[in-house]
Every structure is written in C-alpha cells, then in structure tokens.
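One structure is given below, encoded as structure tokens.
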Amino acid sequence: QVDLPVILRRIEQESGRMKVLVEDLLLLARLDETRPHTSEPVDLSVLAADACSDAVATAPDRQVTLDAPAPVVVLGDTDHLRQAIANLVANAVKHTPAGSPIEVVTRIEGDQASVTVRDHGPGLDEATLAHAFDRFWQADAARVGTGSGLGLAIVAGIAEEHGGPVSAANRIDGGAAFTVTVPVAGRRRADPAAP
C-alpha cells in the first residue's frame, strides 16, 4: 500500500534540498565573476554573534561560545560575509557528533581580521584537510553527516572575494578549526595599487 503522506514529505524534503543546492551554485557562479563586490563597513563580531544564535536555535544540545571582545570591522559585502560565517558554524554543527561544543572567535591582528570556528569532533583526515574547500568535496567517513560539498567552497569564494585566505587545521587537543582571514581595510592582497 502506498503511504501518500510519507511520499509527499519526501518530495518536499528533496525539493528543499534541490532549492538549497541551486542557490549555492548560483552564489558560487556570482563569486566567480570578476565584478567588484559591495564594500561597506561590516563588523565580523556581530555576524559571528548572529551565527552563534542561529546555531543555538537549530541545535539546542550544543554549547556554542563566542569569544569576540571587540568590534572587528572590515570593508566588504555584509550578506556574503554573513553567509561565510554561517556556513562555517553550520559545517561544525552538521559534521560533528550531537552535543559537541563549538567555539567561535573573532580577532584583529595587525591589518588582518579573522573569524575562527572550532569544533570538538573527530577532526579531519589528510585528504579532507587538503580538499576541504574544494567544490563538491564530501566529508571523510570520520566526520558525521553529509552535505552537498558546497558550503566550504562558498566560504573560500567569499574569502577570496574579500582578498583573504581560508584554512582548516586539526587541533592538538582534538577537533578541527576553520579560519577566514580578511584584510581590515578591505584591500585585496593582489592589488599593488592599494594604499
């Protein structure tokens, strides 16, 4: 016998998944364009606080802490930077065991601003460390959950758009840390004409 409610629910879930995938692909296509991005003052500490609040709302079993003692203002595209930080936090929630703590840190060091999201999951194997920000790369078997493989690629694209790198590393005491670094003045490193 056909269970119509179950079939309709599965169709709705798949439709939602496809919508997210298409939106991610469109964002990546826009990031690949060479046109300049919007540039306005953006406080990364505020965006990080929003991402932490969202994580607590969606995963109330998690201890999510924010270490942002001061404003971390850069020039950039608010929506894109918000997406990058949200993706890092969502990645930590999705790919680590339920209840694992997540720590988010914002800092300014010299002329560089950074946001680091650290989880306390099983860490990353060597292949994942090498390919974490590649498009359609899937998490290794040690990590929990699955995804489209676009979330961290979007983070890398947004960081590059703002003239900064991304990195992933395992921590000695366990877990992994993902960091986005952006020039405080919003200048692209590759622009020799920048003052």
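Labels for the structure tokens follow display order: chains A, B, ..., residues from 1 in each chain, ligands from 1.
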So that I can see what lies close to Asp67 (chain A), please list as a PDB file with N, CA, C and O atoms, in the first residue's frame the residues with an atom at most 7 Å from it, counting only C-alpha atoms and leaving out residues fewer than 3 positions away in the same chain.
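Saved to around-v1.pdb:
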```pdb
ATOM      1  N   VAL A 104      33.531  30.028  18.580  1.00  0.00           N
ATOM      2  CA  VAL A 104      33.711  30.995  17.507  1.00  0.00           C
ATOM      3  C   VAL A 104      34.521  32.164  18.069  1.00  0.00           C
ATOM      4  O   VAL A 104      34.199  32.705  19.131  1.00  0.00           O
ATOM      5  N   VAL A 105      35.580  32.525  17.354  1.00  0.00           N
ATOM      6  CA  VAL A 105      36.494  33.579  17.817  1.00  0.00           C
ATOM      7  C   VAL A 105      36.679  34.600  16.706  1.00  0.00           C
ATOM      8  O   VAL A 105      36.919  34.229  15.555  1.00  0.00           O
ATOM      9  N   THR A 106      36.579  35.886  17.048  1.00  0.00           N
ATOM     10  CA  THR A 106      36.914  36.951  16.096  1.00  0.00           C
ATOM     11  C   THR A 106      38.080  37.749  16.660  1.00  0.00           C
ATOM     12  O   THR A 106      38.143  38.007  17.858  1.00  0.00           O
TER      13      THR A 106
END
```
Item to check | Exercise: Val73 (chain A) partners within 10 Å, only C-alpha atoms, chain neighbours under 6 positions left out, as a ChimeraX atom specification | outcome: /A:40-46,107-108,113,182-186
Restricted to C-alpha atoms, what would the selected residues look like written as an mmCIF file, in the first residue's frame?
```
data_model
loop_
_atom_site.group_PDB
_atom_site.id
_atom_site.type_symbol
_atom_site.label_atom_id
_atom_site.label_comp_id
_atom_site.auth_asym_id
_atom_site.auth_seq_id
_atom_site.Cartn_x
_atom_site.Cartn_y
_atom_site.Cartn_z
ATOM 1 C CA GLU A 40 30.716 48.790 3.319
ATOM 2 C CA PRO A 41 31.844 48.622 6.957
ATOM 3 C CA VAL A 42 30.963 45.222 8.404
ATOM 4 C CA ASP A 43 31.540 44.086 11.996
ATOM 5 C CA LEU A 44 32.534 40.427 11.860
ATOM 6 C CA SER A 45 31.907 40.111 15.608
ATOM 7 C CA VAL A 46 28.229 40.997 15.098
ATOM 8 C CA ARG A 107 40.187 38.874 16.202
ATOM 9 C CA ILE A 108 42.197 41.660 14.613
ATOM 10 C CA ALA A 113 40.773 40.339 10.714
ATOM 11 C CA VAL A 182 40.167 39.298 5.648
ATOM 12 C CA PRO A 183 42.264 42.467 5.379
ATOM 13 C CA VAL A 184 40.942 45.014 7.881
ATOM 14 C CA ALA A 185 40.968 47.778 5.273
ATOM 15 C CA GLY A 186 39.174 45.523 2.796
#
```
Next on the checklist: Just list as a PyMOL selection string whatever in region 95-139 of chain A DSSP marks as helix (DSSP H, G or I).
Outcome noted: chain A and resi 126-131
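When CA of Ala168 (chain A) is paired with CA of Leu150 (chain A), their separation reads 15.3 Å.
Atom to atom, CA of Gly163 (chain A) and CA of Gly175 (chain A) stand 27.1 Å apart.
The gap separating CA of Asp111 (chain A) from CA of Gly76 (chain A) is 14.6 Å, in Å to one decimal.
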Checklist entry - Near region 78-91 of chain A, within 6 Å and counting only C-alpha atoms, which residues show up once chain neighbours fewer than 5 positions away are dropped, as a PyMOL selection string? => result chain A and resi 42+47+51+151+155
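Excluding Gln63 (chain A) itself and any same-chain residue fewer than 5 positions from it, the protein and nucleic acid residues within 8 Å of it, counting only C-alpha atoms, are A:Val56, A:Gly99, A:Ser100, A:Pro101, A:Ile102.
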Let me see the file: selected residues, C-alpha atoms, as a short mmCIF file (atom, residue, chain, number, x, y, z; two decimals), in the first residue's frame.
```cif
data_model
loop_
_atom_site.label_atom_id
_atom_site.label_comp_id
_atom_site.auth_asym_id
_atom_site.auth_seq_id
_atom_site.Cartn_x
_atom_site.Cartn_y
_atom_site.Cartn_z
CA VAL A 56 21.82 27.52 19.39
CA GLY A 99 26.32 17.75 21.75
CA SER A 100 29.88 18.60 20.65
CA PRO A 101 30.82 22.14 21.71
CA ILE A 102 31.55 24.83 19.11
#
```
Next on the checklist: If we count only C-alpha atoms and set the cut-off at 6 Å, which residues sit around Ala153 (chain A), ignoring sequence neighbours fewer than 3 positions away in its own chain? Please answer as JSON, numbers by chain.
Outcome noted: {"A": [133, 134, 135, 150, 156]}
Residues as selected, N, CA, C and O atoms, written as a short mmCIF file (atom, residue, chain, number, x, y, z; two decimals), in the first residue's frame, can you do that?
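Output below, filename part_23.cif:
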```cif
data_model
loop_
_atom_site.label_atom_id
_atom_site.label_comp_id
_atom_site.auth_asym_id
_atom_site.auth_seq_id
_atom_site.Cartn_x
_atom_site.Cartn_y
_atom_site.Cartn_z
N PHE A 133 38.03 22.79 1.02
CA PHE A 133 37.38 23.94 0.39
C PHE A 133 37.12 23.74 -1.10
O PHE A 133 36.70 24.66 -1.79
N ASP A 134 37.35 22.51 -1.59
CA ASP A 134 37.06 22.20 -2.99
C ASP A 134 35.55 22.02 -3.18
O ASP A 134 34.86 21.52 -2.28
N ARG A 135 35.07 22.38 -4.35
CA ARG A 135 33.65 22.21 -4.65
C ARG A 135 33.29 20.73 -4.72
O ARG A 135 34.02 19.93 -5.29
N LEU A 150 29.35 22.02 -1.00
CA LEU A 150 29.49 23.39 -1.50
C LEU A 150 29.66 24.42 -0.39
O LEU A 150 30.14 25.53 -0.64
N ALA A 156 35.31 29.74 0.90
CA ALA A 156 36.57 30.06 0.23
C ALA A 156 36.37 31.14 -0.83
O ALA A 156 37.19 32.06 -0.97
#
```
